[in-house]
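A.B. asks: Below is the structure I would like to discuss, written out as structure tokens.
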Amino acid sequence: MIAIARRFWFRRFWLLAMASLLTLHAGASVAQPFDRQLENQRYQQWLQDFRRDFQQFRQMPDRENADVDKLFANTLVPGSRASQVVKELARAQGDSTHGEIRFVGIQRVFMAALSHSVVAGDGGVYAETQAAFKQQTLRVRYMHVDGGGRLESYFNNPEVFKPYRLPEPGVLTRDAYPFLLFEDTQGKLRLGGVSREFWDLVKYMDAQQYA
Amino acid sequence: MRKLPIALALAAQALLGPTAMAACGPVDADFSVPSTLPAVPVSVDLTDDHVLLGKRGERIPTNRKLAWTEERGDPTPHTWADKVDWPAYQLRETASAAAPTRLYFDPDGKLCRVERYGKIRGRSVLESGYRLAYDAAGALAAYTEYDLTGASSAQPYAATRRACLQRDAQGVLTTFIDDGCGDAKGPGVSRHYLHDASGRLLRVIDTLSPGQPLAVQTFDAQGKPAQRYVQQYSAFAAPNDSAEPLAYPEPATRPDRLYPRLREHMAAMPGEIPGVAWRIVRIPEDVPMDGDDQSSWDPELQAVLAKGETDAQGTAHVTPQAQEQIWQAMHQHPGRVLFYFDPMGRVALVPALTPTQWNACGDPANLAPDACTP
């Protein structure tokens with residue numbers, strides 16, 4: 001029963017990711033020098049803020065009807081795909097215990113993936129195709145996810161990454177490197193989208209608990 | 001005029017000295033003395049395994065060893081710390097949040113020192129780390145690993161590993177010493193790279209200690225890996241066999257247990273049961289011996305080199321003529337000469353090197369092109 005619920009939930013997620021990101025192509029943008037030190041300090045600042053927002057959100061009694069855009073005004077682009085992702089995460093099953101084994105909910109796996117990430121490169125401005133998101137200008141940020149060696153078979157899987165490599169600066173390439181979409185205005189980052197590449201990795205990390 | 005050669009010698013020594021300084025300082029200095037270089041705090045806790053971001057976006061696994069060799073494949077030492085894009089992990093340290101690791105780089109960007117901090121009673125304590133040294137050409141020359149032993153307050157840090165990479169006057173790697181570099185007893189596990197006068201790689205010799213070879217990889221004239229020789233305990237041992245490990249050329253395919261045998265021991269082969277049929281056969285090259293293929297067990301496909309019945313002690317006696325034929329076949333068809341000590345059990349016969357031959361093959365000073373095949 002739980003397995004079915006999980007699968008159903010994943011499928012909803014998958015459809016969302018498919019509909020939103022699969023059809024998009026590389027954004028035309030000018031390559032610029034990428035300061036990994038600075039960009040990671042900014043990412044760490046964003047992560048700290050996002051973690052705090054998410055913590056407050058999880059402790060709310062009536063999460064499903066909460067105004068995500070208002071709660072995450074500082075860390076998520078309002079009305080973006082990322083805010084939809086967070087709404088979905090709120091509905092997902094949290095931590096659970098089966099038999100004697102404790103499993104961590106997908107929210108915490110997603111948070112762990114973000115925590116174990118560093119920004120590796122810039123993939124330019126994301127070329128939006130869906131009218132609903134067109135007014136947002138989001139940049140592609142390629143993310144290196146550590147994993148402590150437990151994710152290497154996933155990154156080396158030619159069915160998933162074709163192959164795993166960091167694309168040229170300013171270029172968006174699919175099936176090459178996990179990425180996130182960030183709005184970058186007035187020196188402040190807000191998450192605007194989670195790529196299929198990144199989300200599939202989160203699902204893989206989640207499934208590893210049950211392997 | 002007489003001073004000139006001395007000056008030249010000193011200059012040469014300064015250039016080629018084994019512990020050339022650069023700006024990193026010596027690797028064997030007291031680790032508790034802080035570095036004068038600026039500290040770079042990073043978020044990576046080296047207690048755990050990590051796969052870090054490389055400079056070109058690649059994935060770089062961490063390793064407790066800063067330089068190491070793999071048993072097979074590329075014989076040269078691998079490093080990881082120089083490939084990591086450390087600025088991506090740089091932290092802004094605050095009084096409340098101390099970094100788990102601090103790095104120190106010389107003005108050329110070479111990593112000189114690594115400090116790993118742990119928490120003891122809420123306090124951040126330097127628990128372990130590394131010192132690194134480079135030669136004049138900027139190549140890694142040595143690293144020493146230190147640990148907080150707590151034994152004495154005067155010398156709180158003990159060196160737990162002393163590795164070094166020795167190069168010749170042309171900068172070509174000659175020896176990688178994994179531990180015990182500079183030890184009075186001589187180094188521990190080491191890999192020696194032997195080149196001929198033209199710079200071609202001849203052999204790579206792994207030694208457990210000086211004069212104790214463990215494995216020798218030979219290379220052909222094109223520089224491709226050729227025959228590999230190993231000294232190992234036999235997977236099959238008869239009651240009267242010597243307990244010493246024997247060195248032998250390692251067959252490329254080895255589905256059967258290997259039984260290294262000296263030439264002088266080919267006359268009497270040890271079976272287990274008196275009065276059973278034994279045979280020594282060669283499996284033709286076109287019969288597959290890989291994976292699960294069982295066709296090499298088919299007597300119809302085997303070429304019999306010798307056969308008979310074991311005597312009252314269970315020994316199989318081989319005629320001098322057959323011995324020579326089998327010995328040749330063991331060299332020409334590695335892994336394909338099989339001794340059936342009874343109709344149901346077999347081992348692959350491989351030609352063992354005599355101790356004299358093995359010492360010559362595994363001698364890092366022996367530059368003879370045929371050192372392993374006298």
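Chain labels A, B, ... are given in the sequence in which chains occur in the structure tokens; within each chain residues are numbered consecutively from 1, and ligands are likewise numbered from 1 in the order shown.
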Could you pull the residues within 10 Å of Val194 (chain A), counting only C-alpha atoms, minus those fewer than 4 positions along the same chain, as a ChimeraX atom specification?
C.D. replies: /A:17,20-21,81-83,85,140,178-182,198-200
A.B. asks: What does the file look like for those residues with N, CA and C atoms, as a PDB file, in the first residue's frame?
C.D. replies:
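Output file again29.pdb follows:
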```pdb
ATOM      1  N   ALA A  17       7.843  17.130 -13.935  1.00  0.00           N
ATOM      2  CA  ALA A  17       9.188  17.405 -14.441  1.00  0.00           C
ATOM      3  C   ALA A  17       9.223  17.298 -15.952  1.00  0.00           C
ATOM      4  N   SER A  20       7.469  20.156 -17.683  1.00  0.00           N
ATOM      5  CA  SER A  20       8.065  21.466 -17.515  1.00  0.00           C
ATOM      6  C   SER A  20       9.422  21.605 -18.173  1.00  0.00           C
ATOM      7  N   LEU A  21      10.233  20.568 -18.163  1.00  0.00           N
ATOM      8  CA  LEU A  21      11.627  20.767 -18.558  1.00  0.00           C
ATOM      9  C   LEU A  21      12.078  20.025 -19.808  1.00  0.00           C
ATOM     10  N   ARG A  81       8.285  26.872 -11.081  1.00  0.00           N
ATOM     11  CA  ARG A  81       8.248  25.419 -10.946  1.00  0.00           C
ATOM     12  C   ARG A  81       8.763  24.992  -9.581  1.00  0.00           C
ATOM     13  N   ALA A  82       9.765  25.730  -9.079  1.00  0.00           N
ATOM     14  CA  ALA A  82      10.335  25.355  -7.779  1.00  0.00           C
ATOM     15  C   ALA A  82       9.294  25.458  -6.674  1.00  0.00           C
ATOM     16  N   SER A  83       8.429  26.454  -6.749  1.00  0.00           N
ATOM     17  CA  SER A  83       7.418  26.562  -5.692  1.00  0.00           C
ATOM     18  C   SER A  83       6.407  25.419  -5.826  1.00  0.00           C
ATOM     19  N   VAL A  85       7.303  22.432  -6.821  1.00  0.00           N
ATOM     20  CA  VAL A  85       8.054  21.298  -6.258  1.00  0.00           C
ATOM     21  C   VAL A  85       7.903  21.284  -4.737  1.00  0.00           C
ATOM     22  N   VAL A 140      20.796  28.773 -15.441  1.00  0.00           N
ATOM     23  CA  VAL A 140      21.131  27.373 -15.188  1.00  0.00           C
ATOM     24  C   VAL A 140      22.401  27.317 -14.339  1.00  0.00           C
ATOM     25  N   PRO A 178      23.677  17.407 -13.366  1.00  0.00           N
ATOM     26  CA  PRO A 178      22.473  17.911 -12.685  1.00  0.00           C
ATOM     27  C   PRO A 178      22.511  19.438 -12.591  1.00  0.00           C
ATOM     28  N   PHE A 179      21.346  20.064 -12.714  1.00  0.00           N
ATOM     29  CA  PHE A 179      21.349  21.525 -12.559  1.00  0.00           C
ATOM     30  C   PHE A 179      20.086  22.017 -11.868  1.00  0.00           C
ATOM     31  N   LEU A 180      20.209  23.221 -11.338  1.00  0.00           N
ATOM     32  CA  LEU A 180      19.091  23.930 -10.726  1.00  0.00           C
ATOM     33  C   LEU A 180      18.930  25.240 -11.477  1.00  0.00           C
ATOM     34  N   LEU A 181      17.736  25.823 -11.397  1.00  0.00           N
ATOM     35  CA  LEU A 181      17.499  27.130 -12.003  1.00  0.00           C
ATOM     36  C   LEU A 181      17.381  28.169 -10.896  1.00  0.00           C
ATOM     37  N   PHE A 182      18.141  29.243 -11.042  1.00  0.00           N
ATOM     38  CA  PHE A 182      18.108  30.305 -10.033  1.00  0.00           C
ATOM     39  C   PHE A 182      17.795  31.651 -10.679  1.00  0.00           C
ATOM     40  N   PHE A 198      18.538  16.639 -11.830  1.00  0.00           N
ATOM     41  CA  PHE A 198      18.735  16.749 -10.377  1.00  0.00           C
ATOM     42  C   PHE A 198      17.676  15.933  -9.633  1.00  0.00           C
ATOM     43  N   TRP A 199      16.433  16.041 -10.094  1.00  0.00           N
ATOM     44  CA  TRP A 199      15.360  15.357  -9.390  1.00  0.00           C
ATOM     45  C   TRP A 199      15.485  13.838  -9.478  1.00  0.00           C
ATOM     46  N   ASP A 200      15.902  13.329 -10.640  1.00  0.00           N
ATOM     47  CA  ASP A 200      16.119  11.886 -10.776  1.00  0.00           C
ATOM     48  C   ASP A 200      17.195  11.405  -9.808  1.00  0.00           C
TER      49      ASP A 200
END
```
A.B. asks: Could you give me the residues within region 238-315 of chain B that DSSP places in strand (DSSP E or B), as a short mmCIF file (atom, residue, chain, number, x, y, z; two decimals) with N, CA and C atoms, in the first residue's frame?
C.D. replies:
```cif
data_model
loop_
_atom_site.label_atom_id
_atom_site.label_comp_id
_atom_site.auth_asym_id
_atom_site.auth_seq_id
_atom_site.Cartn_x
_atom_site.Cartn_y
_atom_site.Cartn_z
N LEU B 246 56.17 -19.07 -4.47
CA LEU B 246 56.99 -19.13 -5.67
C LEU B 246 56.60 -18.01 -6.62
N ALA B 247 57.59 -17.54 -7.37
CA ALA B 247 57.34 -16.51 -8.38
C ALA B 247 57.11 -17.17 -9.72
N TYR B 248 56.21 -16.62 -10.50
CA TYR B 248 55.89 -17.23 -11.80
C TYR B 248 55.28 -16.18 -12.73
N PRO B 249 55.35 -16.41 -14.04
CA PRO B 249 54.65 -15.51 -14.97
C PRO B 249 53.14 -15.73 -14.85
N LEU B 258 46.15 -22.11 -9.88
CA LEU B 258 47.49 -22.15 -10.44
C LEU B 258 48.40 -22.98 -9.54
N TYR B 259 49.25 -23.79 -10.19
CA TYR B 259 50.21 -24.59 -9.44
C TYR B 259 51.60 -24.31 -10.00
N PRO B 260 52.30 -23.30 -9.41
CA PRO B 260 53.65 -23.02 -9.89
C PRO B 260 54.60 -24.16 -9.49
N ARG B 261 55.47 -24.53 -10.44
CA ARG B 261 56.32 -25.70 -10.22
C ARG B 261 57.70 -25.36 -10.76
N ALA B 268 58.52 -35.58 -10.50
CA ALA B 268 57.54 -36.24 -9.63
C ALA B 268 56.46 -35.24 -9.27
N MET B 269 55.25 -35.49 -9.75
CA MET B 269 54.13 -34.58 -9.48
C MET B 269 53.27 -35.19 -8.38
N PRO B 270 52.86 -34.39 -7.41
CA PRO B 270 52.12 -34.96 -6.28
C PRO B 270 50.63 -35.16 -6.57
N ALA B 277 44.40 -42.80 -12.08
CA ALA B 277 44.91 -42.30 -13.36
C ALA B 277 45.17 -40.80 -13.26
N TRP B 278 46.37 -40.40 -13.69
CA TRP B 278 46.69 -38.96 -13.77
C TRP B 278 47.03 -38.64 -15.22
N ARG B 279 46.92 -37.37 -15.59
CA ARG B 279 47.38 -36.97 -16.91
C ARG B 279 47.72 -35.48 -16.91
N ILE B 280 48.62 -35.12 -17.80
CA ILE B 280 48.95 -33.72 -18.01
C ILE B 280 48.58 -33.40 -19.46
N VAL B 281 47.73 -32.39 -19.64
CA VAL B 281 47.19 -32.11 -20.98
C VAL B 281 47.42 -30.65 -21.34
N ARG B 282 47.36 -30.38 -22.61
CA ARG B 282 47.39 -29.01 -23.10
C ARG B 282 46.04 -28.73 -23.75
N ALA B 303 44.95 -32.20 -25.63
CA ALA B 303 46.13 -32.89 -26.15
C ALA B 303 46.90 -33.44 -24.96
N VAL B 304 47.02 -34.78 -24.89
CA VAL B 304 47.68 -35.39 -23.74
C VAL B 304 49.20 -35.30 -23.91
N LEU B 305 49.89 -34.76 -22.89
CA LEU B 305 51.35 -34.64 -22.92
C LEU B 305 52.00 -35.78 -22.15
N ALA B 306 51.32 -36.25 -21.11
CA ALA B 306 51.83 -37.38 -20.32
C ALA B 306 50.68 -37.94 -19.53
N LYS B 307 50.76 -39.25 -19.25
CA LYS B 307 49.72 -39.84 -18.39
C LYS B 307 50.25 -41.09 -17.74
N GLY B 308 49.55 -41.58 -16.74
CA GLY B 308 49.97 -42.79 -16.04
C GLY B 308 49.09 -43.04 -14.84
N GLU B 309 49.64 -43.80 -13.92
CA GLU B 309 48.89 -44.13 -12.71
C GLU B 309 49.78 -43.78 -11.52
N THR B 315 52.21 -40.49 -6.04
CA THR B 315 53.02 -39.62 -6.88
C THR B 315 52.89 -39.99 -8.36
#
```
A.B. asks: Contacts from chain A to chain B, 7 Å maximum, only C-alpha atoms: show me the residue list as a list of chain:residue names.
C.D. replies: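 The selection requested is A:Arg36, A:Gln37, A:Asn40, A:Val118, A:Ala120, A:His144, A:Asp146, A:Gly147, A:Gly148, A:Gly149, A:Arg165, A:Leu166.
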A.B. asks: DSSP says alpha helix (DSSP H) for which residues of region 83-187 of chain A? Put them as JSON, numbers by chain?
C.D. replies: {"A": [83, 84, 85, 86, 87, 88, 89, 90, 91, 106, 107, 108, 109, 110, 111, 112, 113, 114, 115, 152, 153, 154, 155]}
A.B. asks: Keeping C-alpha atoms for every residue in the selection just given, could you write it to a file as a tab-separated table (two decimals), in the first residue's frame?
C.D. replies:
```
chain	number	residue	atom	x	y	z
A	83	SER	CA	7.42	26.56	-5.69
A	84	GLN	CA	5.31	23.77	-7.22
A	85	VAL	CA	8.05	21.30	-6.26
A	86	VAL	CA	7.95	22.52	-2.66
A	87	LYS	CA	4.15	22.19	-2.59
A	88	GLU	CA	4.47	18.62	-3.81
A	89	LEU	CA	7.17	17.89	-1.24
A	90	ALA	CA	4.81	19.10	1.49
A	91	ARG	CA	2.28	16.47	0.48
A	106	ILE	CA	11.88	12.57	0.36
A	107	GLN	CA	11.90	16.09	1.85
A	108	ARG	CA	14.99	15.27	3.83
A	109	VAL	CA	16.61	13.46	0.89
A	110	PHE	CA	16.03	16.54	-1.27
A	111	MET	CA	17.51	18.73	1.45
A	112	ALA	CA	20.51	16.38	1.77
A	113	ALA	CA	21.11	16.56	-1.99
A	114	LEU	CA	21.12	20.35	-1.80
A	115	SER	CA	23.42	20.31	1.25
A	152	GLU	CA	29.23	6.93	-8.64
A	153	SER	CA	27.45	4.05	-10.34
A	154	TYR	CA	24.58	6.43	-11.03
A	155	PHE	CA	26.79	9.14	-12.51
```
A.B. asks: Give me the residues near Gly362 (chain B) as a list in words, where near means some atom within 10 Å (using only C-alpha atoms) and where sequence neighbours in that chain fewer than 6 positions away do not count.
C.D. replies: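 Counting only the stated atoms, we get His192, Arg203, Val204, Ile205, Asp206, Thr207, Gly211, Gln212, Pro213, Leu214, Ala215, Val216, Gln217, Tyr229, Val230, Thr356, Ala371 and Cys372 of chain B.
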A.B. asks: Just give me the gap between CA of Asn366 (chain B) and CA of His195 (chain B) in Å, one decimal is fine.
C.D. replies: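 Computed distance, CA of Asn366 (chain B) to CA of His195 (chain B), equals 10.3 Å.
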